[in-house]
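Report on the structure given below.
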Amino acid sequence: MGHLVAHGHELTPNPADADVLVVNSCSFIDPAKKESVDTILEMAEYKKTGRAKKLIVAGCLVERFRGDIRKEMPEVDALVGTNEIERIVELCEGVDAGEGASTAPYLYHDLTPRVLSTPGHFAYIKIAEGCDHPCSFCVIPQYRGAFRSRRFESVVAEAARLFQQGVREINLIGQDTTCYGEDLGLRDGLAALLERLAQIDAGHQTWVRFLYAYPNKVTQRLLDTIAAHPRLVKYIDMPLQHASARVLKRMRRGGAGDHFLKLIERARRTIPGLAVRTSFIVGFPGETAEDFAELCQFVEAARFDNLGVFLYSDEDTSRSYALDGKVDARIKRNRQRHLMAIQRKIARARSRALVGTEVAVLVQGLSAETDLLWEARMATQAPEIDGVVLINDVEGDEPRPGEIRRLRITGSHDYDVLGTLLPPTEAAPALPPPGLVQIEPVAVRL
Ligand code: SF4
């Protein structure tokens with residue numbers, strides 16, 4: 001989007017208004033592939049009836065099914081793989097320089113023009129791309145390539161610019177953020193990066209969070225760093241995938257529930273007020289009733305703040321595709337429901353325990369559910385994946401998106417809490433205008 005805007009093009013979220021339709025696709029698991037294909041077919045209808053003359057498909061589906069898309073979907077005019085992002089301009093402008101797809105691993109940098117698709121008070125920064133882990137269920141490394149980090153100063157420069165423009169919360173992402181800097185020769189690179197980001201003084205309160213930690217890469221220095229800096233939110237997202245050592249071994253991840261419990265205890269001891277998020281896969285090939293019972297016991301013991309449960313998806317290019325003991329779809333769904341029911345009880349008790357306390361919240365805007373309430377998030381709630389705070393009473397000025405204010409929690413649901421927003425203690429920064437964050441000449445600086 002940034003490249004297109006930098007070249008004078010206008011973006012529209014309305015396909016009926018577009019001259020060129022671009023579908024950015026995903027092919028991680030079956031539901032993502034289906035959603036991508038359905039969207040391509042839906043957009044193809046606009047090409048037949050609307051003003052659009054061209055349909056371009058970008059992203060991971062292209063990496064995985066380039067030949068199939070070409071053969072089966074004649075309505076698609078051009079393809080853009082994950083390493084060819086910068087070709088989007090020439091393809092939209094109709095200057096198709098032909099195949100010649102770049103295979104050099106792509107990674108954006110601080111001078112890459114960028115359009116924020118988030119609401120303006122929070123942003124994601126990708127700090128690394130690709131993955132070197134051998135998880136047997138995962139096809140991501142096949143399409144995203146080997147792990148590579150962005151330069152330290154490039155991330156710092158981008159974060160500083162976003163904060164200066166009014167962004168309140170930065171979420172660092174990558175397939176594995178905890179490996180950050182290993183390829184640059186940095187030791188504890190993520191801890192060093194967080195420490196540096198926590199020192200950026202934007203003149204207003206800011207939050208920095210990272211997502212997707214790999215459990216055996218969570219070092220004591222990383223925990224100490226999170227504990228030491230108020231601008232680093234007390235939050236760890238660490239997908240564990242399972243708790244049975246037998247299943248984890250078949251997943252080629254290693255570890256076991258009792259090791260994970262010790263790590264979580266140590267993290268909570270080091271970082272008071274820490275929220276821990278994780279995710280699991282149920283129905284992995286060979287997962288027995290005993291393995292699943294072990295996972296349930298583990299979840300009861302760990303008392304996660306936030307938890308996601310995914311059904312195993314049997315991807316034909318994954319290593320686990322060849323494993324025996326495939327689990328029936330109905331059993332998988334039952335296990336997912338059962339595990340989520342355990343977590344719902346834990347979440348309900350956690351939410352209830354917050355009633356009567358005062359917390360800092362980042363005001364998001366009107367609630368996604370009803371225009372009658374405002375919505376906010378505590379630092380322990382990541383955007384788009386965790387619960388929210390619903391504001392049902394306001395003391396002092398009306399809320400403004402992007403404000404960080406105190407809130408008194410007065411009620412709770414399972415995953416969300418309700419509360420009274422207290423009077424502001426600082427002026428909210430002006431948020432960046434929706435859309436373009438920066439336009440700079442595109443320099444090749446990986
Ligand atoms: S660490 Fe994540 S991205 Fe990497 S192989 Fe494992 S599941 Fe896939």
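Here's how to read the names in the structure tokens: chain A, B, ... by the order shown, residue numbers from 1 in each chain, ligand numbers from 1 in the order shown.
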
Exercise. For Gln343 (chain A), list every protein, DNA or RNA residue within 10 Å, evaluated using only C-alpha atoms, and leave out those in the same chain fewer than 2 positions away; present the list as number ranges by chain.
Key: A: 296, 299-300, 303-309, 337-341, 345-349, 414-415

Take the residues just selected and output them with N, CA, C and O atoms as a PDB file, in the first residue's frame.
```pdb
ATOM      1  N   CYS A 296      -5.261 -30.646  29.153  1.00  0.00           N
ATOM      2  CA  CYS A 296      -6.312 -30.003  29.971  1.00  0.00           C
ATOM      3  C   CYS A 296      -5.789 -29.715  31.385  1.00  0.00           C
ATOM      4  O   CYS A 296      -6.006 -28.622  31.925  1.00  0.00           O
ATOM      5  N   VAL A 299      -3.497 -26.764  31.346  1.00  0.00           N
ATOM      6  CA  VAL A 299      -4.202 -25.471  31.221  1.00  0.00           C
ATOM      7  C   VAL A 299      -4.818 -25.068  32.562  1.00  0.00           C
ATOM      8  O   VAL A 299      -4.773 -23.898  32.961  1.00  0.00           O
ATOM      9  N   GLU A 300      -5.365 -26.059  33.280  1.00  0.00           N
ATOM     10  CA  GLU A 300      -5.921 -25.770  34.618  1.00  0.00           C
ATOM     11  C   GLU A 300      -4.818 -25.242  35.533  1.00  0.00           C
ATOM     12  O   GLU A 300      -5.029 -24.324  36.317  1.00  0.00           O
ATOM     13  N   ARG A 303      -3.253 -21.545  34.313  1.00  0.00           N
ATOM     14  CA  ARG A 303      -4.173 -20.405  34.460  1.00  0.00           C
ATOM     15  C   ARG A 303      -3.741 -19.221  33.575  1.00  0.00           C
ATOM     16  O   ARG A 303      -3.406 -18.138  34.056  1.00  0.00           O
ATOM     17  N   PHE A 304      -3.753 -19.476  32.283  1.00  0.00           N
ATOM     18  CA  PHE A 304      -3.362 -18.429  31.321  1.00  0.00           C
ATOM     19  C   PHE A 304      -4.355 -17.272  31.373  1.00  0.00           C
ATOM     20  O   PHE A 304      -5.530 -17.462  31.675  1.00  0.00           O
ATOM     21  N   ASP A 305      -3.857 -16.096  31.033  1.00  0.00           N
ATOM     22  CA  ASP A 305      -4.743 -14.939  30.952  1.00  0.00           C
ATOM     23  C   ASP A 305      -5.538 -14.986  29.648  1.00  0.00           C
ATOM     24  O   ASP A 305      -6.698 -14.606  29.603  1.00  0.00           O
ATOM     25  N   ASN A 306      -4.888 -15.436  28.598  1.00  0.00           N
ATOM     26  CA  ASN A 306      -5.543 -15.512  27.290  1.00  0.00           C
ATOM     27  C   ASN A 306      -5.075 -16.781  26.586  1.00  0.00           C
ATOM     28  O   ASN A 306      -3.908 -17.155  26.693  1.00  0.00           O
ATOM     29  N   LEU A 307      -5.995 -17.379  25.857  1.00  0.00           N
ATOM     30  CA  LEU A 307      -5.672 -18.681  25.271  1.00  0.00           C
ATOM     31  C   LEU A 307      -6.425 -18.867  23.953  1.00  0.00           C
ATOM     32  O   LEU A 307      -7.615 -18.570  23.867  1.00  0.00           O
ATOM     33  N   GLY A 308      -5.721 -19.363  22.934  1.00  0.00           N
ATOM     34  CA  GLY A 308      -6.381 -19.719  21.668  1.00  0.00           C
ATOM     35  C   GLY A 308      -6.189 -21.208  21.417  1.00  0.00           C
ATOM     36  O   GLY A 308      -5.145 -21.769  21.762  1.00  0.00           O
ATOM     37  N   VAL A 309      -7.201 -21.856  20.848  1.00  0.00           N
ATOM     38  CA  VAL A 309      -7.089 -23.285  20.541  1.00  0.00           C
ATOM     39  C   VAL A 309      -7.398 -23.488  19.061  1.00  0.00           C
ATOM     40  O   VAL A 309      -8.474 -23.119  18.590  1.00  0.00           O
ATOM     41  N   ARG A 337     -13.600 -27.518  21.908  1.00  0.00           N
ATOM     42  CA  ARG A 337     -14.679 -26.978  22.752  1.00  0.00           C
ATOM     43  C   ARG A 337     -14.376 -27.201  24.228  1.00  0.00           C
ATOM     44  O   ARG A 337     -14.530 -26.325  25.067  1.00  0.00           O
ATOM     45  N   HIS A 338     -13.897 -28.418  24.535  1.00  0.00           N
ATOM     46  CA  HIS A 338     -13.623 -28.776  25.931  1.00  0.00           C
ATOM     47  C   HIS A 338     -12.536 -27.872  26.521  1.00  0.00           C
ATOM     48  O   HIS A 338     -12.674 -27.341  27.622  1.00  0.00           O
ATOM     49  N   LEU A 339     -11.481 -27.679  25.764  1.00  0.00           N
ATOM     50  CA  LEU A 339     -10.367 -26.865  26.272  1.00  0.00           C
ATOM     51  C   LEU A 339     -10.808 -25.404  26.444  1.00  0.00           C
ATOM     52  O   LEU A 339     -10.462 -24.747  27.430  1.00  0.00           O
ATOM     53  N   MET A 340     -11.591 -24.913  25.503  1.00  0.00           N
ATOM     54  CA  MET A 340     -12.060 -23.521  25.618  1.00  0.00           C
ATOM     55  C   MET A 340     -13.011 -23.364  26.804  1.00  0.00           C
ATOM     56  O   MET A 340     -13.052 -22.304  27.436  1.00  0.00           O
ATOM     57  N   ALA A 341     -13.774 -24.434  27.123  1.00  0.00           N
ATOM     58  CA  ALA A 341     -14.689 -24.353  28.286  1.00  0.00           C
ATOM     59  C   ALA A 341     -13.862 -24.242  29.574  1.00  0.00           C
ATOM     60  O   ALA A 341     -14.208 -23.482  30.488  1.00  0.00           O
ATOM     61  N   LYS A 345     -13.806 -20.650  32.155  1.00  0.00           N
ATOM     62  CA  LYS A 345     -13.967 -20.561  33.621  1.00  0.00           C
ATOM     63  C   LYS A 345     -12.803 -19.795  34.247  1.00  0.00           C
ATOM     64  O   LYS A 345     -12.976 -18.969  35.129  1.00  0.00           O
ATOM     65  N   ILE A 346     -11.590 -20.101  33.760  1.00  0.00           N
ATOM     66  CA  ILE A 346     -10.400 -19.417  34.296  1.00  0.00           C
ATOM     67  C   ILE A 346     -10.492 -17.924  33.981  1.00  0.00           C
ATOM     68  O   ILE A 346     -10.271 -17.075  34.850  1.00  0.00           O
ATOM     69  N   ALA A 347     -10.867 -17.603  32.743  1.00  0.00           N
ATOM     70  CA  ALA A 347     -10.940 -16.193  32.326  1.00  0.00           C
ATOM     71  C   ALA A 347     -12.008 -15.469  33.139  1.00  0.00           C
ATOM     72  O   ALA A 347     -11.813 -14.320  33.558  1.00  0.00           O
ATOM     73  N   ARG A 348     -13.161 -16.154  33.374  1.00  0.00           N
ATOM     74  CA  ARG A 348     -14.250 -15.517  34.122  1.00  0.00           C
ATOM     75  C   ARG A 348     -13.766 -15.152  35.531  1.00  0.00           C
ATOM     76  O   ARG A 348     -14.005 -14.052  36.018  1.00  0.00           O
ATOM     77  N   ALA A 349     -13.061 -16.094  36.162  1.00  0.00           N
ATOM     78  CA  ALA A 349     -12.569 -15.835  37.531  1.00  0.00           C
ATOM     79  C   ALA A 349     -11.547 -14.701  37.520  1.00  0.00           C
ATOM     80  O   ALA A 349     -11.536 -13.831  38.397  1.00  0.00           O
ATOM     81  N   ASP A 414     -17.019 -12.954  30.685  1.00  0.00           N
ATOM     82  CA  ASP A 414     -16.003 -14.017  30.664  1.00  0.00           C
ATOM     83  C   ASP A 414     -14.632 -13.448  30.283  1.00  0.00           C
ATOM     84  O   ASP A 414     -13.654 -13.609  30.992  1.00  0.00           O
ATOM     85  N   TYR A 415     -14.588 -12.790  29.111  1.00  0.00           N
ATOM     86  CA  TYR A 415     -13.289 -12.317  28.614  1.00  0.00           C
ATOM     87  C   TYR A 415     -13.141 -10.802  28.685  1.00  0.00           C
ATOM     88  O   TYR A 415     -12.041 -10.284  28.631  1.00  0.00           O
TER      89      TYR A 415
END
```

Exercise. Determine, counting only C-alpha atoms, which protein, DNA and RNA residues have an atom within 10 Å of an atom of Leu248 (chain A); residues of the same chain fewer than 6 positions away are not included. Present the result as a PyMOL selection string.
Key: chain A and resi 135-136+240-242+254-257+284+287

Please, could you write that set of residues out with C-alpha atoms as a compact mmCIF listing (two decimals), in the first residue's frame?
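Output saved as result19.txt:
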```txt
# COMPACT_ATOMS: atom_id res chain seq x y z
CA CYS A 135 7.78 -27.54 13.60
CA SER A 136 6.33 -30.49 11.75
CA LEU A 240 3.19 -23.56 23.34
CA GLN A 241 1.17 -25.75 20.91
CA HIS A 242 0.82 -28.65 23.40
CA GLY A 254 10.41 -30.36 22.22
CA GLY A 255 9.62 -29.27 25.75
CA ALA A 256 6.99 -30.56 28.12
CA GLY A 257 4.20 -29.26 30.35
CA PHE A 284 -2.32 -33.39 16.07
CA GLU A 287 -2.74 -37.21 20.02
```

Quiz item: Could you work out how far CA of Thr82 (chain A) lies from CA of Ser25 (chain A), giving the answer in Å with one decimal?
Solution: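 If I compute the distance from CA of Ser25 (chain A) to CA of Thr82 (chain A), I get 10.0 Å.
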
As a quick test: using only C-alpha atoms and all ligand atoms, which residues lie no more than 6 Å away from ligand 1? Give them as an mmCIF file with N, CA, C and O atoms, in the first residue's frame.
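Result went into part.cif, see below:
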```
data_model
loop_
_atom_site.group_PDB
_atom_site.id
_atom_site.type_symbol
_atom_site.label_atom_id
_atom_site.label_comp_id
_atom_site.auth_asym_id
_atom_site.auth_seq_id
_atom_site.Cartn_x
_atom_site.Cartn_y
_atom_site.Cartn_z
ATOM 1 N N CYS A 131 11.550 -18.249 9.192
ATOM 2 C CA CYS A 131 11.693 -19.042 10.423
ATOM 3 C C CYS A 131 12.603 -20.238 10.168
ATOM 4 O O CYS A 131 12.499 -20.883 9.122
ATOM 5 N N HIS A 133 12.820 -22.750 12.580
ATOM 6 C CA HIS A 133 12.365 -23.869 13.418
ATOM 7 C C HIS A 133 11.744 -24.962 12.538
ATOM 8 O O HIS A 133 11.182 -24.669 11.490
ATOM 9 N N PRO A 134 11.829 -26.213 13.014
ATOM 10 C CA PRO A 134 11.354 -27.305 12.156
ATOM 11 C C PRO A 134 9.962 -27.844 12.526
ATOM 12 O O PRO A 134 9.677 -29.014 12.279
ATOM 13 N N CYS A 135 9.089 -27.026 13.128
ATOM 14 C CA CYS A 135 7.785 -27.535 13.599
ATOM 15 C C CYS A 135 7.104 -28.344 12.493
ATOM 16 O O CYS A 135 6.914 -27.830 11.385
ATOM 17 N N CYS A 138 3.949 -27.101 10.435
ATOM 18 C CA CYS A 138 3.943 -25.732 9.930
ATOM 19 C C CYS A 138 4.567 -25.616 8.539
ATOM 20 O O CYS A 138 5.657 -26.130 8.287
ATOM 21 N N ILE A 140 4.923 -22.512 7.138
ATOM 22 C CA ILE A 140 5.361 -21.113 6.972
ATOM 23 C C ILE A 140 6.801 -20.995 6.453
ATOM 24 O O ILE A 140 7.052 -20.236 5.514
ATOM 25 N N PRO A 141 7.775 -21.735 7.017
ATOM 26 C CA PRO A 141 9.153 -21.556 6.529
ATOM 27 C C PRO A 141 9.299 -21.846 5.029
ATOM 28 O O PRO A 141 10.158 -21.267 4.364
ATOM 29 N N GLN A 175 7.759 -14.177 12.629
ATOM 30 C CA GLN A 175 7.352 -15.559 12.895
ATOM 31 C C GLN A 175 7.874 -16.019 14.242
ATOM 32 O O GLN A 175 7.249 -16.786 14.934
ATOM 33 N N ASP A 176 9.074 -15.544 14.605
ATOM 34 C CA ASP A 176 9.624 -15.842 15.933
ATOM 35 C C ASP A 176 10.400 -14.611 16.385
ATOM 36 O O ASP A 176 11.560 -14.441 16.011
#
```

Self-check item: Two-atom distance - CA of Lys249 (chain A), CA of Ile331 (chain A) (Å)
Solution: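 Separating CA of Lys249 (chain A) from CA of Ile331 (chain A) is a distance of 21.4 Å.
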
Quiz prompt | Pairwise distance for CA of Ala275 (chain A) and CA of Ala123 (chain A), rounded to one decimal in Å | solution =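 Going from CA of Ala275 (chain A) over to CA of Ala123 (chain A) covers 20.2 Å.
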
Exercise. Identify, on the basis of only C-alpha atoms, every residue whose closest approach to Leu373 (chain A) does not exceed 9 Å; exclude the query and any residue fewer than 2 positions from it along the same chain; express the result as an MDAnalysis selection string.
Key: chainID A and resid 365:371 375 390:393

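Considering the residues A:Phe28, A:Tyr124, A:Tyr212, A:Phe280 and counting only C-alpha atoms, Leu311 (chain A) has its shortest atom-to-atom contact with A:Phe280.
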
Quiz item: In terms of the shortest atom-to-atom distance over only C-alpha atoms, which of A:Thr420, A:Ser244, A:Ser412, A:Asn24 is closest to Val62 (chain A)?
Solution: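 So, comparing all the options, the nearest one is A:Asn24.
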
Which residues of region 333-383 of chain A have any atom within 10 Å of an atom in region 165-174 of chain A when counting only C-alpha atoms, and what is the closest pair of atoms for each, with the distance in Å to one decimal? Order the rows by chain and rising number and write it as a Markdown table.
```
| residue | atom | partner | partner_atom | distance |
| --- | --- | --- | --- | --- |
| A:Leu362 | CA | A:Arg168 | CA | 8.2 |
| A:Ala379 | CA | A:Glu169 | CA | 9.2 |
| A:Ala382 | CA | A:Asn171 | CA | 8.4 |
| A:Pro383 | CA | A:Asn171 | CA | 8.8 |
```

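Proximity ranking of A:Asp224, A:Glu42, A:Asp397, A:Glu426 relative to Val23 (chain A) places A:Glu42 first, based on only C-alpha atoms.
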
Quiz item: Which neighbours of Val22 (chain A) fall inside 8 Å, counting only C-alpha atoms, when residues of the same chain fewer than 4 positions from it are skipped, and could you give them as JSON, numbers by chain?
Solution: {"A": [55, 56, 57, 58]}

Contact table region 7-87 of chain A vs region 312-327 of chain A, cut-off 10 Å, shortest pair per residue, only C-alpha atoms, as a Markdown table:
```
| residue | atom | partner | partner_atom | distance |
| --- | --- | --- | --- | --- |
| A:Ser27 | CA | A:Glu315 | CA | 9.7 |
| A:Phe28 | CA | A:Glu315 | CA | 8.5 |
| A:Ile29 | CA | A:Ser313 | CA | 5.9 |
| A:Asp30 | CA | A:Ser313 | CA | 6.4 |
| A:Pro31 | CA | A:Ser313 | CA | 8.7 |
| A:Arg64 | CA | A:Thr317 | CA | 9.4 |
```

Quiz item: With distances taken over only C-alpha atoms, which of A:Arg266, A:Gly356, A:Asp258, A:Arg330 is nearest to Leu295 (chain A)?
Solution: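 Of the candidates, the smallest distance to Leu295 (chain A) is held by A:Asp258.
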
Quiz prompt | Backbone-only DSSP, strand (DSSP E or B) members of region 175-371 of chain A, as a ChimeraX atom specification | solution = /A:207-210,232,235-237,241,275-282,306-311,358-366

Practice problem: Please run DSSP on the backbone and report, as number ranges by chain, all residues within region 216-343 of chain A that come out as alpha helix (DSSP H). | Solution: A: 220-228, 245-250, 257-270, 289-302, 329-343
